[in-house]
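*Asks:* Have a look at this one.
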Amino acid sequence: MGDTCTTRQPALFETSVNGSLQRHIEALGLPDRAAYRSWCRREGFRATLNKTWRQRGRERCRAERIVAESERRITLTRHLERLGWTEIEQYAAWCEAHGKKASVYRSEAQLQQERRAAQREYAASALARERESRRRPEALLLRMFDGSLRKESLRTDGERIVYHAIYSLKRNDSTRSALQRLLHRFRCDVNGLTSQPFLPHIGCGETNMLITALVRAAKRHCGWIRDPESWKPTSNNLRRRFRSLASHLFANYAPPDFLEAAWFEEGERESRRHITWYLHLGAGRNLRSVDLPIVLTKRMAHFALKAPANLPVESALRWAQVLGMGGSARMAAAVLRTRLRWALRDEEFWATVIRFFVNNPMLDPARIESIVEFVHSRTESACDADGPNEDDDRDRRGRTQFTMKGRSAAALVALADEWRRKVDDERRPARQWAPSGISGFELVRSNGTVVETWTVRELLSSKELHREGRYMHNCVATYHESCARGECSIWSVRRCGLYEPAGVRVLTVEAEIAGMRIVQVRGRFNRLPGDPQADEYLDSAPPIVRLWADAAALTVDELAY
């Protein structure tokens with residue numbers, strides 16, 4: 001038994017020693033004994049495993065000190081980041097400038113005090129830079145280009161617009177360098193660069209400001225024929241100064257003043273097109289050799305070069321067209337108050353309209369706008385622009401045949417006045433009424449090759465009556481009072497074919513509600529069946545009317561046809 005006890009005691013002692021060593025290693029934050037030996041050698045301790053409790057206590061103190069220093073260094077790194085520094089040398093230099101020593105042993109209160117001091121210094125320095133840069137506009141722009149001006153420090157909308165214009169270009173792009181040269185030479189403050197509208201006559205578009213024009217000029221720096229550094233401003237007026245700069249950069253011959261608007265137009269596509277004209281004329285070439293939307297004669301091109309500077313580009317071409325045809329400046333001004341101030345699709349036709357005005361010089365210029373609107377309403381281009389619509393029953397064939405040939409001024413004015421009255425009537429609030437109680441009708445029939453659908457539908461509003469009267473060329477629109485009082489009802493007879501899903505109006509029918517009888521039936525232009533000039537479907541409509549009358553218990557007046 002004595003041998004057994006002697007054997008167990010060393011084993012228990014060894015287990016206790018191993019457990020104590022393992023707890024010590026874990027307390028140091030190390031994974032195993034090999035790492036513990038390596039740590040001891042690195043920190044200047046003996047690498048043995050059997051140590052006294054005093055030696056292990058010193059090791060734990062060293063480990064705690066290492067952890068504390070590491071946390072302080074992390075705190076200091078965060079402190080530097082909050083101060084806006086990345087290197088410890090910057091912090092050391094700042095401490096030395098303030099009579100302090102850079103150290104990781106700083107309390108939180110000391111760190112906060114340093115941050116407040118640094119923030120005060122940064123704010124004072126930033127304020128001084130802002131005052132200096134705003135006192136000298138070129139300094140502010142230089143800071144935008146070199147990146148020293150932060151976006152958060154921009155104070156006005158104008159500064160943000162210029163900043164965005166600069167940074168929309170790549171840093172190493174030659175366009176950005178060209179823009180910097182232009183801004184440096186132009187010498188204009190931010191308010192002048194972003195004031196809107198720079199050219200009042202082309203509207204308040206987002207691009208109608210000086211910075212946009214300078215950016216567009218910078219993008220074409222490869223086409224500069226002279227350097228901006230050789231340009232000398234001769235006026236304090238920004239508009240004259242830009243006109244002089246653009247002519248210096250791109251033109252051997254002074255382009256017309258109205259083409260100045262090309263640099264400020266809102267549509268990028270139109271702007272590029274008109275700038276091409278500017279460069280074309282600046283090189284001394286002929287205006288008629290470019291792709292103009294309005295065909296100009298030599299006389300018109302001569303007037304275009306003298307067009308007023310306050311006209312948009314296409315309006316200047318129209319102005320030249322009127323004067324080139326022999327019209328007066330007063331007539332040209334009246335034409336520019338209409339939709340003709342812009343180029344339209346069918347310019348060949350609109351040239352005949354302008355020729356009509358020129359050939360009638362005694363026509364009141366105040367009438368020109370209403371005539372243009374009337375003619376536009378009758379042209380094929382208006383129909384095509386509106387597109388097909390189920391409720392659009394206008395006579396497209398009649399519009400395509402509309403010409404100015406053989407028309408007198410008095411007759412055209414009368415037609416325009418009549419059209420205006422109809423338009424005004426249509427624009428009034430639509431008056432509606434309840435159905436009459438007479439049932440509608442629909443018939444589908446086929447002759448083996450063609451399937452057609454005939455419908456009889458009641459018109460229940462003044463707007464529908466106006467549409468019916470406009471297409472059928474009758475005065476059914478005047479029946480809205482009688483329909484609203486319940487005295488009569490108006491019906492539209494239509495034929496729908498494979499290629500006419502919206503239906504073609506064939507007949508207009510008036511029914512007397514009290515007597516339940518059909519009192520009037522008329523086709524287009526009040527024609528009756530059997531008329532040789534009637535539409536092709538008119539003769540087929542009376543049987544449909546009789547079928548509807550039988551189905552709806554209506555009688556047909558003998559004077560209805």
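By convention here, the chains of the structure tokens are called A, B, ... in the order presented, each chain's residues are numbered starting at 1, and ligands are numbered starting at 1 in the order presented.
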Excluding range 117-119 of chain A and its own-chain neighbours fewer than 5 positions away, which residues fall within 12 Å of it when counting only C-alpha atoms? Please give them as a ChimeraX atom specification.

*Replies:* /A:79-80,82-85,91,94-95,97-98,110-112,124-127

*Asks:* How about saving the chosen residues, all heavy atoms kept, as a short mmCIF file (atom, residue, chain, number, x, y, z; two decimals), in the first residue's frame?

*Replies:*
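Writing the result to part05.cif gives the following:
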data_model
loop_
_atom_site.label_atom_id
_atom_site.label_comp_id
_atom_site.auth_asym_id
_atom_site.auth_seq_id
_atom_site.Cartn_x
_atom_site.Cartn_y
_atom_site.Cartn_z
N HIS A 79 -8.21 59.01 -32.96
CA HIS A 79 -8.07 60.43 -32.65
C HIS A 79 -7.48 61.19 -33.85
O HIS A 79 -7.96 62.27 -34.21
CB HIS A 79 -7.17 60.58 -31.41
CG HIS A 79 -6.94 62.00 -31.00
ND1 HIS A 79 -7.96 62.86 -30.68
CD2 HIS A 79 -5.78 62.72 -30.86
CE1 HIS A 79 -7.47 64.04 -30.35
NE2 HIS A 79 -6.13 63.98 -30.45
N LEU A 80 -6.48 60.58 -34.50
CA LEU A 80 -5.87 61.21 -35.67
C LEU A 80 -6.87 61.29 -36.82
O LEU A 80 -6.90 62.29 -37.56
CB LEU A 80 -4.62 60.43 -36.10
CG LEU A 80 -3.45 60.42 -35.11
CD1 LEU A 80 -2.30 59.61 -35.69
CD2 LEU A 80 -2.98 61.83 -34.80
N ARG A 82 -10.09 61.57 -36.61
CA ARG A 82 -11.06 62.62 -36.32
C ARG A 82 -10.46 64.00 -36.51
O ARG A 82 -11.16 64.97 -36.80
CB ARG A 82 -11.59 62.46 -34.90
CG ARG A 82 -12.37 61.17 -34.69
CD ARG A 82 -12.89 61.03 -33.28
NE ARG A 82 -13.91 62.02 -32.98
CZ ARG A 82 -14.57 62.08 -31.83
NH1 ARG A 82 -14.31 61.18 -30.87
NH2 ARG A 82 -15.47 63.01 -31.62
N LEU A 83 -9.14 64.10 -36.34
CA LEU A 83 -8.46 65.37 -36.58
C LEU A 83 -8.17 65.60 -38.06
O LEU A 83 -7.75 66.69 -38.44
CB LEU A 83 -7.14 65.41 -35.79
CG LEU A 83 -7.27 65.47 -34.26
CD1 LEU A 83 -5.89 65.44 -33.63
CD2 LEU A 83 -8.02 66.72 -33.82
N GLY A 84 -8.35 64.56 -38.89
CA GLY A 84 -8.10 64.69 -40.31
C GLY A 84 -6.67 64.38 -40.72
O GLY A 84 -6.26 64.76 -41.83
N TRP A 85 -5.93 63.70 -39.88
CA TRP A 85 -4.56 63.35 -40.18
C TRP A 85 -4.46 61.84 -40.41
O TRP A 85 -5.27 61.06 -39.90
CB TRP A 85 -3.61 63.76 -39.05
CG TRP A 85 -3.55 65.25 -38.83
CD1 TRP A 85 -3.65 66.19 -39.79
CD2 TRP A 85 -3.43 65.93 -37.59
NE1 TRP A 85 -3.57 67.45 -39.24
CE2 TRP A 85 -3.42 67.32 -37.87
CE3 TRP A 85 -3.30 65.53 -36.26
CZ2 TRP A 85 -3.30 68.29 -36.89
CZ3 TRP A 85 -3.17 66.50 -35.28
CH2 TRP A 85 -3.18 67.86 -35.59
N TYR A 91 0.74 64.51 -36.32
CA TYR A 91 0.30 64.75 -34.94
C TYR A 91 1.46 65.21 -34.08
O TYR A 91 1.31 66.13 -33.25
CB TYR A 91 -0.32 63.46 -34.39
CG TYR A 91 -0.73 63.55 -32.93
CD1 TYR A 91 -1.74 64.40 -32.53
CD2 TYR A 91 -0.11 62.76 -31.97
CE1 TYR A 91 -2.12 64.48 -31.19
CE2 TYR A 91 -0.47 62.83 -30.64
CZ TYR A 91 -1.48 63.69 -30.26
OH TYR A 91 -1.85 63.76 -28.94
N TRP A 94 2.22 68.82 -34.82
CA TRP A 94 1.20 69.70 -34.23
C TRP A 94 1.42 69.84 -32.72
O TRP A 94 1.30 70.95 -32.18
CB TRP A 94 -0.18 69.12 -34.52
CG TRP A 94 -1.32 69.99 -34.04
CD1 TRP A 94 -1.87 71.03 -34.69
CD2 TRP A 94 -2.03 69.86 -32.80
NE1 TRP A 94 -2.89 71.58 -33.96
CE2 TRP A 94 -3.00 70.88 -32.78
CE3 TRP A 94 -1.93 69.00 -31.72
CZ2 TRP A 94 -3.88 71.06 -31.71
CZ3 TRP A 94 -2.80 69.18 -30.64
CH2 TRP A 94 -3.78 70.19 -30.64
N CYS A 95 1.70 68.73 -32.05
CA CYS A 95 1.96 68.80 -30.61
C CYS A 95 3.18 69.66 -30.31
O CYS A 95 3.18 70.47 -29.37
CB CYS A 95 2.16 67.38 -30.05
SG CYS A 95 0.65 66.39 -30.04
N ALA A 97 4.30 72.12 -32.12
CA ALA A 97 3.97 73.52 -32.36
C ALA A 97 3.19 74.12 -31.21
O ALA A 97 3.20 75.35 -31.02
CB ALA A 97 3.18 73.64 -33.66
N HIS A 98 2.52 73.28 -30.44
CA HIS A 98 1.74 73.77 -29.30
C HIS A 98 2.43 73.51 -27.96
O HIS A 98 1.78 73.58 -26.91
CB HIS A 98 0.34 73.11 -29.30
CG HIS A 98 -0.55 73.58 -30.41
ND1 HIS A 98 -0.40 73.16 -31.71
CD2 HIS A 98 -1.60 74.46 -30.42
CE1 HIS A 98 -1.32 73.73 -32.48
NE2 HIS A 98 -2.05 74.53 -31.71
N GLN A 110 -8.18 64.87 -22.29
CA GLN A 110 -7.10 65.53 -23.03
C GLN A 110 -7.31 65.40 -24.55
O GLN A 110 -7.06 66.35 -25.29
CB GLN A 110 -5.75 64.93 -22.62
CG GLN A 110 -5.35 65.26 -21.20
CD GLN A 110 -4.09 64.52 -20.79
OE1 GLN A 110 -3.90 63.36 -21.15
NE2 GLN A 110 -3.25 65.18 -19.98
N LEU A 111 -7.76 64.22 -24.98
CA LEU A 111 -8.01 64.04 -26.41
C LEU A 111 -9.13 64.96 -26.90
O LEU A 111 -9.04 65.54 -27.99
CB LEU A 111 -8.37 62.58 -26.69
CG LEU A 111 -7.26 61.55 -26.42
CD1 LEU A 111 -7.78 60.15 -26.69
CD2 LEU A 111 -6.03 61.83 -27.25
N GLN A 112 -10.18 65.09 -26.12
CA GLN A 112 -11.27 65.99 -26.50
C GLN A 112 -10.79 67.44 -26.57
O GLN A 112 -11.17 68.20 -27.47
CB GLN A 112 -12.43 65.86 -25.52
CG GLN A 112 -13.18 64.55 -25.60
CD GLN A 112 -14.33 64.48 -24.63
OE1 GLN A 112 -14.58 65.43 -23.89
NE2 GLN A 112 -15.05 63.35 -24.62
N ALA A 124 -10.83 78.37 -38.48
CA ALA A 124 -10.24 79.69 -38.74
C ALA A 124 -9.49 79.69 -40.07
O ALA A 124 -9.58 80.64 -40.85
CB ALA A 124 -9.32 80.08 -37.59
N SER A 125 -8.76 78.61 -40.33
CA SER A 125 -8.02 78.52 -41.59
C SER A 125 -8.97 78.43 -42.78
O SER A 125 -8.76 79.08 -43.82
CB SER A 125 -7.10 77.30 -41.56
OG SER A 125 -6.44 77.14 -42.79
N ALA A 126 -10.04 77.63 -42.65
CA ALA A 126 -11.00 77.50 -43.74
C ALA A 126 -11.71 78.82 -44.01
O ALA A 126 -11.95 79.20 -45.17
CB ALA A 126 -12.03 76.42 -43.40
N LEU A 127 -12.05 79.54 -42.93
CA LEU A 127 -12.70 80.84 -43.10
C LEU A 127 -11.78 81.81 -43.83
O LEU A 127 -12.22 82.57 -44.71
CB LEU A 127 -13.10 81.40 -41.74
CG LEU A 127 -13.82 82.76 -41.75
CD1 LEU A 127 -15.11 82.67 -42.56
CD2 LEU A 127 -14.11 83.21 -40.33
#

*Asks:* Just want the 9 Å neighbourhood of Ser174 in chain A, counted on only C-alpha atoms, with same-chain residues fewer than 6 positions away dropped. Output as a list in words.

*Replies:*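 The contact residues come out as Ala218, Lys219 and His221 of chain A.
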
*Asks:* What lies within 10 Å of Ala434 in chain A using only C-alpha atoms, ignoring chain neighbours under 5 positions off, as a list in words?

*Replies:*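 Result of the neighbour search: Leu460, Ser461, Cys483, Ala484, Arg485 and Gly486 of chain A.
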
*Asks:* Could you list, as a PyMOL selection string, every residue within 9 Å of Gly530 in chain A, counting only C-alpha atoms and ignoring same-chain residues fewer than 4 positions away?

*Replies:* chain A and resi 534+538-539

*Asks:* Go ahead and write the residues just picked, all heavy atoms, as a compact mmCIF listing (two decimals), in the first residue's frame.

*Replies:*
# COMPACT_ATOMS: atom_id res chain seq x y z
N ALA A 534 -72.61 61.40 -103.16
CA ALA A 534 -72.61 60.91 -101.78
C ALA A 534 -71.49 59.90 -101.57
O ALA A 534 -70.90 59.37 -102.52
CB ALA A 534 -73.97 60.28 -101.47
N LEU A 538 -73.43 55.38 -98.30
CA LEU A 538 -74.69 56.05 -97.97
C LEU A 538 -75.90 55.28 -98.48
O LEU A 538 -76.93 55.15 -97.80
CB LEU A 538 -74.69 57.47 -98.54
CG LEU A 538 -75.90 58.33 -98.22
CD1 LEU A 538 -76.05 58.48 -96.70
CD2 LEU A 538 -75.78 59.72 -98.86
N ASP A 539 -75.80 54.71 -99.68
CA ASP A 539 -76.95 53.97 -100.24
C ASP A 539 -77.22 52.68 -99.48
O ASP A 539 -78.33 52.13 -99.57
CB ASP A 539 -76.70 53.66 -101.71
CG ASP A 539 -76.73 54.91 -102.58
OD1 ASP A 539 -77.34 55.90 -102.13
OD2 ASP A 539 -76.13 54.90 -103.67

*Asks:* Please provide as JSON, numbers by chain all residues within 6 Å of Asp557 in chain A, with the sequence filter that same-chain residues fewer than 3 positions apart are discarded (counting only C-alpha atoms).

*Replies:* {"A": [518, 519, 560]}

*Asks:* Using only N, CA, C and O atoms, please write the residues we just selected to a file, as a PDB file, in the first residue's frame.

*Replies:*
ATOM      1  N   ILE A 518     -88.748  58.706 -86.331  1.00  0.00           N
ATOM      2  CA  ILE A 518     -87.546  59.265 -86.950  1.00  0.00           C
ATOM      3  C   ILE A 518     -87.986  60.376 -87.878  1.00  0.00           C
ATOM      4  O   ILE A 518     -88.771  60.143 -88.826  1.00  0.00           O
ATOM      5  N   VAL A 519     -87.499  61.591 -87.622  1.00  0.00           N
ATOM      6  CA  VAL A 519     -87.991  62.739 -88.369  1.00  0.00           C
ATOM      7  C   VAL A 519     -86.978  63.265 -89.384  1.00  0.00           C
ATOM      8  O   VAL A 519     -87.351  64.043 -90.273  1.00  0.00           O
ATOM      9  N   ALA A 560     -88.634  62.100 -93.732  1.00  0.00           N
ATOM     10  CA  ALA A 560     -87.312  61.976 -93.105  1.00  0.00           C
ATOM     11  C   ALA A 560     -86.205  61.963 -94.142  1.00  0.00           C
ATOM     12  O   ALA A 560     -85.108  62.473 -93.907  1.00  0.00           O
TER      13      ALA A 560
END

*Asks:* Let me make sure I understand: among A:Ile74, A:Val335, A:Val450, A:Cys475, which one has the smallest atom-to-atom distance to Leu317 in chain A if we use only C-alpha atoms?

*Replies:*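 Smallest distance to Leu317 in chain A is found for A:Val335.
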
*Asks:* Applying 7 Å and only C-alpha atoms, which residues near Leu554 in chain A remain after dropping the ones on its own chain fewer than 3 positions away? List them as a list in words.

*Replies:*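 Counting only the stated atoms, we get Met516, Arg517, Ile518, Ala549 and Asp550 of chain A.
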
*Asks:* Limited to all heavy atoms, could you put the picked residues into a file as a PDB file, in the first residue's frame?

*Replies:*
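Result file out09.pdb:
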ATOM      1  N   MET A 516     -91.908  58.940 -80.755  1.00  0.00           N
ATOM      2  CA  MET A 516     -91.170  57.724 -81.076  1.00  0.00           C
ATOM      3  C   MET A 516     -91.096  57.542 -82.591  1.00  0.00           C
ATOM      4  O   MET A 516     -91.436  56.504 -83.152  1.00  0.00           O
ATOM      5  CB  MET A 516     -91.825  56.506 -80.425  1.00  0.00           C
ATOM      6  CG  MET A 516     -91.734  56.485 -78.916  1.00  0.00           C
ATOM      7  SD  MET A 516     -90.014  56.332 -78.347  1.00  0.00           S
ATOM      8  CE  MET A 516     -89.695  54.623 -78.747  1.00  0.00           C
ATOM      9  N   ARG A 517     -90.630  58.590 -83.289  1.00  0.00           N
ATOM     10  CA  ARG A 517     -90.523  58.488 -84.730  1.00  0.00           C
ATOM     11  C   ARG A 517     -89.235  59.171 -85.207  1.00  0.00           C
ATOM     12  O   ARG A 517     -88.722  60.089 -84.569  1.00  0.00           O
ATOM     13  CB  ARG A 517     -91.744  59.104 -85.417  1.00  0.00           C
ATOM     14  CG  ARG A 517     -91.949  60.569 -85.155  1.00  0.00           C
ATOM     15  CD  ARG A 517     -93.353  61.021 -85.566  1.00  0.00           C
ATOM     16  NE  ARG A 517     -93.525  62.458 -85.367  1.00  0.00           N
ATOM     17  CZ  ARG A 517     -93.454  63.373 -86.330  1.00  0.00           C
ATOM     18  NH1 ARG A 517     -93.200  62.981 -87.575  1.00  0.00           N
ATOM     19  NH2 ARG A 517     -93.642  64.646 -86.080  1.00  0.00           N
ATOM     20  N   ILE A 518     -88.748  58.706 -86.331  1.00  0.00           N
ATOM     21  CA  ILE A 518     -87.546  59.265 -86.950  1.00  0.00           C
ATOM     22  C   ILE A 518     -87.986  60.376 -87.878  1.00  0.00           C
ATOM     23  O   ILE A 518     -88.771  60.143 -88.826  1.00  0.00           O
ATOM     24  CB  ILE A 518     -86.778  58.173 -87.724  1.00  0.00           C
ATOM     25  CG1 ILE A 518     -86.296  57.090 -86.755  1.00  0.00           C
ATOM     26  CG2 ILE A 518     -85.615  58.771 -88.485  1.00  0.00           C
ATOM     27  CD1 ILE A 518     -85.667  55.889 -87.444  1.00  0.00           C
ATOM     28  N   ALA A 549     -85.312  50.801 -86.700  1.00  0.00           N
ATOM     29  CA  ALA A 549     -86.634  51.334 -86.348  1.00  0.00           C
ATOM     30  C   ALA A 549     -87.577  50.209 -85.937  1.00  0.00           C
ATOM     31  O   ALA A 549     -88.346  50.351 -84.972  1.00  0.00           O
ATOM     32  CB  ALA A 549     -87.203  52.125 -87.524  1.00  0.00           C
ATOM     33  N   ASP A 550     -87.529  49.094 -86.635  1.00  0.00           N
ATOM     34  CA  ASP A 550     -88.384  47.968 -86.263  1.00  0.00           C
ATOM     35  C   ASP A 550     -88.002  47.415 -84.903  1.00  0.00           C
ATOM     36  O   ASP A 550     -88.868  47.081 -84.082  1.00  0.00           O
ATOM     37  CB  ASP A 550     -88.291  46.870 -87.326  1.00  0.00           C
ATOM     38  CG  ASP A 550     -88.866  47.321 -88.668  1.00  0.00           C
ATOM     39  OD1 ASP A 550     -89.656  48.284 -88.663  1.00  0.00           O
ATOM     40  OD2 ASP A 550     -88.502  46.714 -89.701  1.00  0.00           O
TER      41      ASP A 550
END

*Asks:* Nearest to Val322 in chain A: which of A:Ile294, A:Leu344, A:Val444, A:Leu179 is it, counting only C-alpha atoms?

*Replies:*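 Looking at the shortest contact to Val322 in chain A, the residue is A:Ile294.
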
*Asks:* Hey, what's within 6 Å of Arg494 in chain A if we count only C-alpha atoms and toss same-chain stuff fewer than 3 positions away? As a list of chain:residue names, please?

*Replies:* A:Trp454, A:Thr455, A:Gly503, A:Val504, A:Arg505, A:Val506

*Asks:* Would you mind exporting the chosen residues as an mmCIF file, in the first residue's frame, restricted to N, CA and C atoms?

*Replies:*
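Result written to result.cif:
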data_model
loop_
_atom_site.group_PDB
_atom_site.id
_atom_site.type_symbol
_atom_site.label_atom_id
_atom_site.label_comp_id
_atom_site.auth_asym_id
_atom_site.auth_seq_id
_atom_site.Cartn_x
_atom_site.Cartn_y
_atom_site.Cartn_z
ATOM 1 N N TRP A 454 -72.531 47.244 -88.621
ATOM 2 C CA TRP A 454 -73.260 48.513 -88.616
ATOM 3 C C TRP A 454 -73.764 48.768 -87.200
ATOM 4 N N THR A 455 -73.568 49.985 -86.724
ATOM 5 C CA THR A 455 -74.022 50.349 -85.378
ATOM 6 C C THR A 455 -74.827 51.630 -85.449
ATOM 7 N N GLY A 503 -64.807 52.866 -87.027
ATOM 8 C CA GLY A 503 -66.071 53.099 -87.705
ATOM 9 C C GLY A 503 -66.076 54.380 -88.502
ATOM 10 N N VAL A 504 -66.814 54.367 -89.617
ATOM 11 C CA VAL A 504 -66.977 55.542 -90.465
ATOM 12 C C VAL A 504 -68.404 56.040 -90.308
ATOM 13 N N ARG A 505 -68.565 57.309 -90.013
ATOM 14 C CA ARG A 505 -69.900 57.882 -89.865
ATOM 15 C C ARG A 505 -70.563 57.971 -91.241
ATOM 16 N N VAL A 506 -71.765 57.424 -91.334
ATOM 17 C CA VAL A 506 -72.473 57.388 -92.618
ATOM 18 C C VAL A 506 -73.721 58.273 -92.582
#
